[in-house]
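Asker: Before anything else, here's the structure in question.
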Amino acid sequence: MKFETIDTSQRTRARWLMLGMVFIGTIVNYLDRSNMSIVAPLISKEYGVSPVAMGFMFSAFSWAYAAATLPGGYLLDRFGTRITYGLCLTGWSLLTVLQAFAGGFASLFGMRLGVGAAEAPAFPANNKLVTAWFPQKERGVAGSVCSMGIYVGTALLTPCMFWIASHYGWREVFLVSGGIGLVWALVWFKVYRDPADSKIANPEELAYIREGGALVTRTAKGEPFRWDQFRKLMTYRQVWGVCIGKLAATTTLYFFLTWFPTYLVQQRGMSMLNAGFASIGPYLAAAVGVMFGGWWGDWMIKRGISVNVARKAPMVIGLIATGSIVLANYTDSNALVIAILSFAFFAQGMSSTNWVVIAEIAPRNLVGMTGSVISFASNLAGIITPITIGYIVQRTGSFEWALGFCAIVALIGAFSYTFILGKVERLVID
């Protein structure tokens, strides 16, 4: 194809193709992140693992993820989205495949650490892509599409992974999910380009996104890390407000990503296959929630409502409604439990528009670093949540206080977005 023959009378839509790339990448990301929860009952039985030990296994991913977020942000700002994301995608997918050959609990734990470290730049890269490719008025939907991959992929693929685990075993789950990621890494390197390097985005599209506030140049590429910039970044209340709120929102997400299948099997008495199908409802509800939150925020901005209100409202209301998860403790009906959890996860999805706020407040030259700082805080929930729930289940023999824990933390997040975050505006750091 000769690109000079492209009709430039209308702007192209290359930005949506690039968004589709990270949407599928996010599906792969969370498939490899959540597959441990699917096989946890089988691993616990094979290795005689206690709830607390399994909580640590669930958290291994997030220990490494959190530790690698700041270096990952530096690499992202240094080498750009295409190279950093592509290499990380290859790395975590390969490590996922290798989990299938683990010889015991310790080796499985070690490779889980590796998967977490490799995935660390993924969501900061998503945020950097949205900031580079999309004007402000489209970032709500664009950010929601990125986040929606978490829920859509898990909803559609979890039953398949449960079926593989039930019929073939837990090792085959890692082989299949990791193999999918390796294939997608090849596609990523072939297709993805930043705006400044794109050969399919015409001048009209580049002008449209640039005039809308997109960062289409290579301004953040190749800059060395500076501690003074990092220290300055950490003095802003906006960063702390989003960090606390993001941690709170991710707490409920990590309940679903780690203990949810075990909850359905042990607390609700479902078979593994039935638990796989029962999980579809909550995840699809969360996908609808994240798209609704992004659409609602963009809708408000297009009607003249301030960015501050438009970006905060879905997050605050979503986290307040997430607290409804505790109502599942007060019914014996599995159908009603799934309905309650679906609503709570819908609300959690709505609150996940926080990545759009990061795109609004990040300094132009520190998009990767800002995303990594907030991703670090977010993944503290991946450490705290599974271990806390493991202790609760071991001490009480029930998940009742586990759901209460998720509800309390969600309300703390709503407080942070309301009173700590302050005004949503782009920070400036030289």
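Letters A, B, ... mark the chains of the structure tokens in the order given; residue numbers begin at 1 per chain; ligand numbers begin at 1, in order shown.
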Would you kindly return, as a ChimeraX atom specification, each protein, DNA or RNA residue with an atom no farther than 12 Å from any atom of Ala102 (chain A), considering only C-alpha atoms and excluding same-chain residues fewer than 2 positions away?
Answerer: /A:43,47,95-100,104-112,170-172,174-175
Asker: Output as JSON lines one row per residue of region 294-392 of chain A within 8 Å of region 52-67 of chain A: the closest atom pair and its distance in Å to one decimal place, counting only C-alpha atoms, sorted by chain and residue number ascending.
Answerer:
```
{"residue": "A:Ser375", "atom": "CA", "partner": "A:Ala66", "partner_atom": "CA", "distance": 7.4}
{"residue": "A:Phe376", "atom": "CA", "partner": "A:Ala66", "partner_atom": "CA", "distance": 4.7}
{"residue": "A:Ala377", "atom": "CA", "partner": "A:Ala66", "partner_atom": "CA", "distance": 7.5}
{"residue": "A:Asn379", "atom": "CA", "partner": "A:Ala66", "partner_atom": "CA", "distance": 5.6}
{"residue": "A:Leu380", "atom": "CA", "partner": "A:Ala66", "partner_atom": "CA", "distance": 6.6}
{"residue": "A:Gly382", "atom": "CA", "partner": "A:Ser62", "partner_atom": "CA", "distance": 5.1}
{"residue": "A:Ile383", "atom": "CA", "partner": "A:Ser59", "partner_atom": "CA", "distance": 4.6}
{"residue": "A:Ile384", "atom": "CA", "partner": "A:Ser59", "partner_atom": "CA", "distance": 7.5}
{"residue": "A:Thr385", "atom": "CA", "partner": "A:Ser59", "partner_atom": "CA", "distance": 8.0}
{"residue": "A:Pro386", "atom": "CA", "partner": "A:Gly55", "partner_atom": "CA", "distance": 4.7}
{"residue": "A:Ile387", "atom": "CA", "partner": "A:Gly55", "partner_atom": "CA", "distance": 4.4}
{"residue": "A:Thr388", "atom": "CA", "partner": "A:Gly55", "partner_atom": "CA", "distance": 7.6}
{"residue": "A:Ile389", "atom": "CA", "partner": "A:Gly55", "partner_atom": "CA", "distance": 7.2}
{"residue": "A:Gly390", "atom": "CA", "partner": "A:Val52", "partner_atom": "CA", "distance": 4.5}
{"residue": "A:Tyr391", "atom": "CA", "partner": "A:Val52", "partner_atom": "CA", "distance": 5.5}
```
Asker: Export N, CA and C atoms of the chosen residues as a short mmCIF file (atom, residue, chain, number, x, y, z; two decimals), in the first residue's frame?
Answerer:
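File again_18.cif, as written:
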```cif
data_model
loop_
_atom_site.label_atom_id
_atom_site.label_comp_id
_atom_site.auth_asym_id
_atom_site.auth_seq_id
_atom_site.Cartn_x
_atom_site.Cartn_y
_atom_site.Cartn_z
N SER A 375 -0.08 3.51 39.80
CA SER A 375 -0.17 2.06 39.63
C SER A 375 0.45 1.34 40.82
N PHE A 376 1.54 1.90 41.37
CA PHE A 376 2.16 1.33 42.57
C PHE A 376 1.16 1.30 43.72
N ALA A 377 0.49 2.44 43.94
CA ALA A 377 -0.51 2.51 45.02
C ALA A 377 -1.64 1.53 44.76
N ASN A 379 -1.56 -1.27 43.20
CA ASN A 379 -1.19 -2.66 43.39
C ASN A 379 -0.81 -3.00 44.81
N LEU A 380 -0.75 -2.00 45.69
CA LEU A 380 -0.71 -2.33 47.10
C LEU A 380 -1.97 -3.10 47.50
N GLY A 382 -3.36 -5.24 45.63
CA GLY A 382 -3.12 -6.61 45.21
C GLY A 382 -2.29 -7.39 46.22
N ILE A 383 -1.57 -6.68 47.08
CA ILE A 383 -0.83 -7.31 48.17
C ILE A 383 -1.72 -7.46 49.40
N ILE A 384 -2.36 -6.35 49.76
CA ILE A 384 -3.14 -6.31 51.00
C ILE A 384 -4.38 -7.19 50.93
N THR A 385 -5.12 -7.10 49.84
CA THR A 385 -6.42 -7.76 49.75
C THR A 385 -6.35 -9.29 49.86
N PRO A 386 -5.58 -9.98 49.02
CA PRO A 386 -5.59 -11.45 49.12
C PRO A 386 -5.06 -11.97 50.44
N ILE A 387 -4.04 -11.30 51.01
CA ILE A 387 -3.50 -11.76 52.28
C ILE A 387 -4.50 -11.52 53.41
N THR A 388 -5.11 -10.33 53.42
CA THR A 388 -6.11 -10.01 54.45
C THR A 388 -7.27 -10.99 54.40
N ILE A 389 -7.77 -11.24 53.20
CA ILE A 389 -8.89 -12.16 53.06
C ILE A 389 -8.47 -13.58 53.46
N GLY A 390 -7.24 -13.96 53.13
CA GLY A 390 -6.76 -15.28 53.54
C GLY A 390 -6.76 -15.44 55.05
N TYR A 391 -6.31 -14.41 55.76
CA TYR A 391 -6.33 -14.45 57.23
C TYR A 391 -7.77 -14.48 57.75
#
```
Asker: Might you pull out every residue within 12 Å of Ile164 (chain A), with only C-alpha atoms counted and same-chain residues fewer than 4 positions away left off, and present them as number ranges by chain?
Answerer: A: 35, 38-39, 157-160, 168-177, 272-273, 276
Asker: Set the distance at 10 Å and use only C-alpha atoms: which residues neighbour Leu206 (chain A) once local chain neighbours fewer than 5 positions away are removed? I'd like the list as a VMD selection string.
Answerer: chain A and resid 11 to 15 133 to 134 195 to 196 198 201 211 to 212 214 216
Asker: I want to know what sits within 12 Å of Leu89 (chain A), based on only C-alpha atoms, with residues of the same chain fewer than 4 positions away left out; could you give that as a ChimeraX atom specification?
Answerer: /A:22,24-30,32,81-85,93-96,115-123,125,178-189
Asker: Keeping only C-alpha atoms, take the residues you just selected and write them out as a PDB file, in the first residue's frame.
Answerer:
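Written output follows (out_26.pdb):
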```pdb
ATOM      1  CA  VAL A  22      -4.326  -2.135  24.091  1.00  0.00           C
ATOM      2  CA  ILE A  24      -6.890  -6.810  23.520  1.00  0.00           C
ATOM      3  CA  GLY A  25      -3.582  -6.433  25.342  1.00  0.00           C
ATOM      4  CA  THR A  26      -5.513  -5.723  28.539  1.00  0.00           C
ATOM      5  CA  ILE A  27      -7.597  -8.856  28.018  1.00  0.00           C
ATOM      6  CA  VAL A  28      -4.373 -10.866  27.756  1.00  0.00           C
ATOM      7  CA  ASN A  29      -2.935  -8.993  30.754  1.00  0.00           C
ATOM      8  CA  TYR A  30      -5.816  -9.889  33.039  1.00  0.00           C
ATOM      9  CA  ASP A  32      -2.583 -14.032  32.845  1.00  0.00           C
ATOM     10  CA  THR A  81       5.067   2.747  24.505  1.00  0.00           C
ATOM     11  CA  ARG A  82       5.712   0.402  21.595  1.00  0.00           C
ATOM     12  CA  ILE A  83       9.024  -1.069  22.746  1.00  0.00           C
ATOM     13  CA  THR A  84       8.314  -1.119  26.491  1.00  0.00           C
ATOM     14  CA  TYR A  85       4.827  -2.601  26.253  1.00  0.00           C
ATOM     15  CA  SER A  93       3.408 -14.344  28.567  1.00  0.00           C
ATOM     16  CA  LEU A  94       6.569 -16.468  28.497  1.00  0.00           C
ATOM     17  CA  LEU A  95       6.632 -16.635  32.299  1.00  0.00           C
ATOM     18  CA  THR A  96       2.959 -17.650  32.297  1.00  0.00           C
ATOM     19  CA  VAL A 115       4.792 -12.264  35.863  1.00  0.00           C
ATOM     20  CA  GLY A 116       3.990  -9.384  38.195  1.00  0.00           C
ATOM     21  CA  ALA A 117       7.254  -7.570  37.476  1.00  0.00           C
ATOM     22  CA  ALA A 118       6.809  -7.937  33.718  1.00  0.00           C
ATOM     23  CA  GLU A 119       3.244  -6.606  33.763  1.00  0.00           C
ATOM     24  CA  ALA A 120       4.122  -3.466  35.751  1.00  0.00           C
ATOM     25  CA  PRO A 121       4.397  -1.018  32.796  1.00  0.00           C
ATOM     26  CA  ALA A 122       1.166  -2.219  31.154  1.00  0.00           C
ATOM     27  CA  PHE A 123      -1.408   0.178  32.589  1.00  0.00           C
ATOM     28  CA  ALA A 125       1.467   2.375  28.943  1.00  0.00           C
ATOM     29  CA  GLY A 178       0.516 -17.689  28.086  1.00  0.00           C
ATOM     30  CA  GLY A 179       0.483 -18.915  24.498  1.00  0.00           C
ATOM     31  CA  ILE A 180      -2.238 -16.424  23.588  1.00  0.00           C
ATOM     32  CA  GLY A 181      -0.054 -13.622  24.962  1.00  0.00           C
ATOM     33  CA  LEU A 182       2.996 -14.639  22.918  1.00  0.00           C
ATOM     34  CA  VAL A 183       0.942 -14.563  19.726  1.00  0.00           C
ATOM     35  CA  TRP A 184      -0.447 -11.136  20.581  1.00  0.00           C
ATOM     36  CA  ALA A 185       3.055  -9.766  21.244  1.00  0.00           C
ATOM     37  CA  LEU A 186       3.934 -10.461  17.596  1.00  0.00           C
ATOM     38  CA  VAL A 187       0.812  -8.591  16.458  1.00  0.00           C
ATOM     39  CA  TRP A 188       1.638  -5.665  18.766  1.00  0.00           C
ATOM     40  CA  PHE A 189       5.117  -5.107  17.324  1.00  0.00           C
TER      41      PHE A 189
END
```
Asker: Please list as a PyMOL selection string every residue within 7 Å of region 307-319 of chain A, counting only C-alpha atoms and excluding residues in the same chain fewer than 2 positions away.
Answerer: chain A and resi 249+293+297+300-301+305+321-323+347-348+350-354+357+410-411+413-414+417-418+423-424
Asker: Output the selection as a JSON list (two decimals), in the first residue's frame - N, CA and C atoms for each residue.
Answerer:
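Okay, selection.json is ready:
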```
[["chain", "number", "residue", "atom", "x", "y", "z"],
["A", 249, "ALA", "N", -10.45, 1.37, 45.04],
["A", 249, "ALA", "CA", -11.22, 0.75, 43.95],
["A", 249, "ALA", "C", -10.65, -0.61, 43.58],
["A", 293, "GLY", "N", -19.28, 4.72, 33.07],
["A", 293, "GLY", "CA", -18.56, 5.78, 33.76],
["A", 293, "GLY", "C", -17.80, 6.68, 32.81],
["A", 297, "GLY", "N", -18.81, 10.68, 31.98],
["A", 297, "GLY", "CA", -17.86, 11.77, 32.16],
["A", 297, "GLY", "C", -17.69, 12.59, 30.90],
["A", 300, "MET", "N", -20.80, 14.76, 30.21],
["A", 300, "MET", "CA", -20.85, 15.97, 31.02],
["A", 300, "MET", "C", -19.91, 17.05, 30.49],
["A", 301, "ILE", "N", -18.71, 16.66, 30.07],
["A", 301, "ILE", "CA", -17.76, 17.64, 29.53],
["A", 301, "ILE", "C", -18.30, 18.28, 28.26],
["A", 305, "ILE", "N", -20.11, 20.96, 31.53],
["A", 305, "ILE", "CA", -19.83, 20.74, 32.95],
["A", 305, "ILE", "C", -18.31, 20.65, 33.14],
["A", 321, "ALA", "N", -21.37, 3.03, 45.78],
["A", 321, "ALA", "CA", -22.24, 1.90, 45.43],
["A", 321, "ALA", "C", -21.51, 0.56, 45.53],
["A", 322, "THR", "N", -20.18, 0.58, 45.39],
["A", 322, "THR", "CA", -19.42, -0.66, 45.54],
["A", 322, "THR", "C", -19.59, -1.26, 46.93],
["A", 323, "GLY", "N", -19.83, -0.41, 47.92],
["A", 323, "GLY", "CA", -20.05, -0.89, 49.28],
["A", 323, "GLY", "C", -21.21, -1.84, 49.43],
["A", 347, "ALA", "N", -20.55, -1.12, 39.84],
["A", 347, "ALA", "CA", -20.18, 0.13, 40.48],
["A", 347, "ALA", "C", -18.65, 0.28, 40.54],
["A", 348, "GLN", "N", -17.96, -0.83, 40.84],
["A", 348, "GLN", "CA", -16.50, -0.78, 40.86],
["A", 348, "GLN", "C", -15.96, -0.44, 39.47],
["A", 350, "MET", "N", -17.48, 1.35, 37.23],
["A", 350, "MET", "CA", -17.74, 2.78, 37.01],
["A", 350, "MET", "C", -16.68, 3.64, 37.67],
["A", 351, "SER", "N", -16.19, 3.21, 38.84],
["A", 351, "SER", "CA", -15.16, 3.97, 39.54],
["A", 351, "SER", "C", -13.79, 3.83, 38.87],
["A", 352, "SER", "N", -13.65, 2.89, 37.94],
["A", 352, "SER", "CA", -12.36, 2.64, 37.30],
["A", 352, "SER", "C", -12.00, 3.68, 36.25],
["A", 353, "THR", "N", -12.83, 4.69, 36.07],
["A", 353, "THR", "CA", -12.47, 5.79, 35.17],
["A", 353, "THR", "C", -11.34, 6.63, 35.76],
["A", 354, "ASN", "N", -10.79, 6.20, 36.90],
["A", 354, "ASN", "CA", -9.69, 6.94, 37.51],
["A", 354, "ASN", "C", -8.47, 7.04, 36.59],
["A", 357, "VAL", "N", -8.58, 10.28, 34.87],
["A", 357, "VAL", "CA", -8.12, 11.38, 35.70],
["A", 357, "VAL", "C", -6.60, 11.48, 35.66],
["A", 410, "ALA", "N", -13.83, 0.67, 50.10],
["A", 410, "ALA", "CA", -14.47, 1.42, 49.01],
["A", 410, "ALA", "C", -14.96, 2.79, 49.49],
["A", 411, "LEU", "N", -15.51, 2.85, 50.68],
["A", 411, "LEU", "CA", -15.99, 4.12, 51.22],
["A", 411, "LEU", "C", -14.82, 5.07, 51.52],
["A", 413, "GLY", "N", -12.15, 5.20, 49.75],
["A", 413, "GLY", "CA", -11.80, 5.72, 48.43],
["A", 413, "GLY", "C", -12.72, 6.85, 47.99],
["A", 414, "ALA", "N", -14.01, 6.71, 48.26],
["A", 414, "ALA", "CA", -14.96, 7.78, 47.91],
["A", 414, "ALA", "C", -14.61, 9.06, 48.66],
["A", 417, "TYR", "N", -11.47, 10.70, 46.89],
["A", 417, "TYR", "CA", -11.79, 11.41, 45.65],
["A", 417, "TYR", "C", -12.58, 12.69, 45.91],
["A", 418, "THR", "N", -13.39, 12.69, 46.95],
["A", 418, "THR", "CA", -14.23, 13.85, 47.24],
["A", 418, "THR", "C", -13.43, 14.97, 47.90],
["A", 423, "LYS", "N", -8.71, 19.82, 42.72],
["A", 423, "LYS", "CA", -9.12, 20.15, 41.36],
["A", 423, "LYS", "C", -8.41, 19.25, 40.35],
["A", 424, "VAL", "N", -9.17, 18.77, 39.39],
["A", 424, "VAL", "CA", -8.61, 17.94, 38.33],
["A", 424, "VAL", "C", -8.08, 18.86, 37.24]]
```
Asker: Please run DSSP on the backbone and report, as a PyMOL selection string, all residues within region 335-374 of chain A that come out as helix (DSSP H, G or I).
Answerer: chain A and resi 335-351+354-361+367-374
Asker: Please produce a file of the residues just selected, as a CSV table (one decimal), in the first residue's frame, where the atoms kept are C-alpha atoms.
Answerer:
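Final file, again-v7.csv:
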```csv
chain,number,residue,atom,x,y,z
A,335,ALA,CA,-28.9,-16.2,42.4
A,336,LEU,CA,-29.4,-13.2,44.6
A,337,VAL,CA,-25.8,-13.3,45.7
A,338,ILE,CA,-24.7,-13.2,42.0
A,339,ALA,CA,-27.1,-10.3,41.4
A,340,ILE,CA,-25.7,-8.3,44.4
A,341,LEU,CA,-22.1,-9.0,43.4
A,342,SER,CA,-22.9,-8.0,39.8
A,343,PHE,CA,-24.2,-4.6,40.9
A,344,ALA,CA,-21.2,-4.1,43.2
A,345,PHE,CA,-18.8,-5.0,40.4
A,346,PHE,CA,-20.8,-2.7,38.0
A,347,ALA,CA,-20.2,0.1,40.5
A,348,GLN,CA,-16.5,-0.8,40.9
A,349,GLY,CA,-16.2,-0.7,37.1
A,350,MET,CA,-17.7,2.8,37.0
A,351,SER,CA,-15.2,4.0,39.5
A,354,ASN,CA,-9.7,6.9,37.5
A,355,TRP,CA,-7.2,6.2,34.7
A,356,VAL,CA,-8.8,9.1,32.8
A,357,VAL,CA,-8.1,11.4,35.7
A,358,ILE,CA,-4.5,10.4,35.6
A,359,ALA,CA,-4.4,11.3,31.9
A,360,GLU,CA,-5.9,14.7,32.9
A,361,ILE,CA,-3.5,15.5,35.7
A,367,VAL,CA,3.1,10.7,32.0
A,368,GLY,CA,4.8,7.4,32.5
A,369,MET,CA,6.1,8.3,35.9
A,370,THR,CA,2.8,9.6,37.1
A,371,GLY,CA,1.0,6.5,35.9
A,372,SER,CA,3.5,4.3,37.6
A,373,VAL,CA,3.3,6.1,41.0
A,374,ILE,CA,-0.5,5.6,41.0
```
Asker: List the spatial neighbours of Met270 (chain A) as a list in words - criterion: any atom at most 12 Å away, only C-alpha atoms, same-chain residues fewer than 6 positions off excluded.
Answerer: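 Once the nearby chain positions are removed, what remains is Phe260, Pro261, Thr262, Tyr263, Leu264, Gly276, Phe277, Ala278, Ser279, Asn334 and Ala335 of chain A.
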Asker: Kindly give the distance, in Å, that separates CA of Thr131 (chain A) and CA of Leu247 (chain A), rounded to a single decimal.
Answerer: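 It comes out at 21.8 Å.
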Asker: With only C-alpha atoms as the basis for distance, which of A:Gly269, A:Gly73, A:Gly103, A:Pro135 is at the shortest distance from Glu205 (chain A)?
Answerer: A:Pro135
Asker: What is the distance, in Å and to one decimal place, between CA of Pro71 (chain A) and CA of Met21 (chain A)?
Answerer: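 Separation of CA of Pro71 (chain A) and CA of Met21 (chain A): 23.4 Å.
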Asker: Do you have the CA of Thr90 (chain A)-CA of Lys190 (chain A) distance handy?
Answerer: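 If I compute the distance from CA of Thr90 (chain A) to CA of Lys190 (chain A), I get 13.4 Å.
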Asker: So, counting only C-alpha atoms, which residue among A:Leu113, A:Gly143, A:Pro124, A:Leu253 is closest to Gly72 (chain A)?
Answerer: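 The closest residue to Gly72 (chain A) is A:Pro124.
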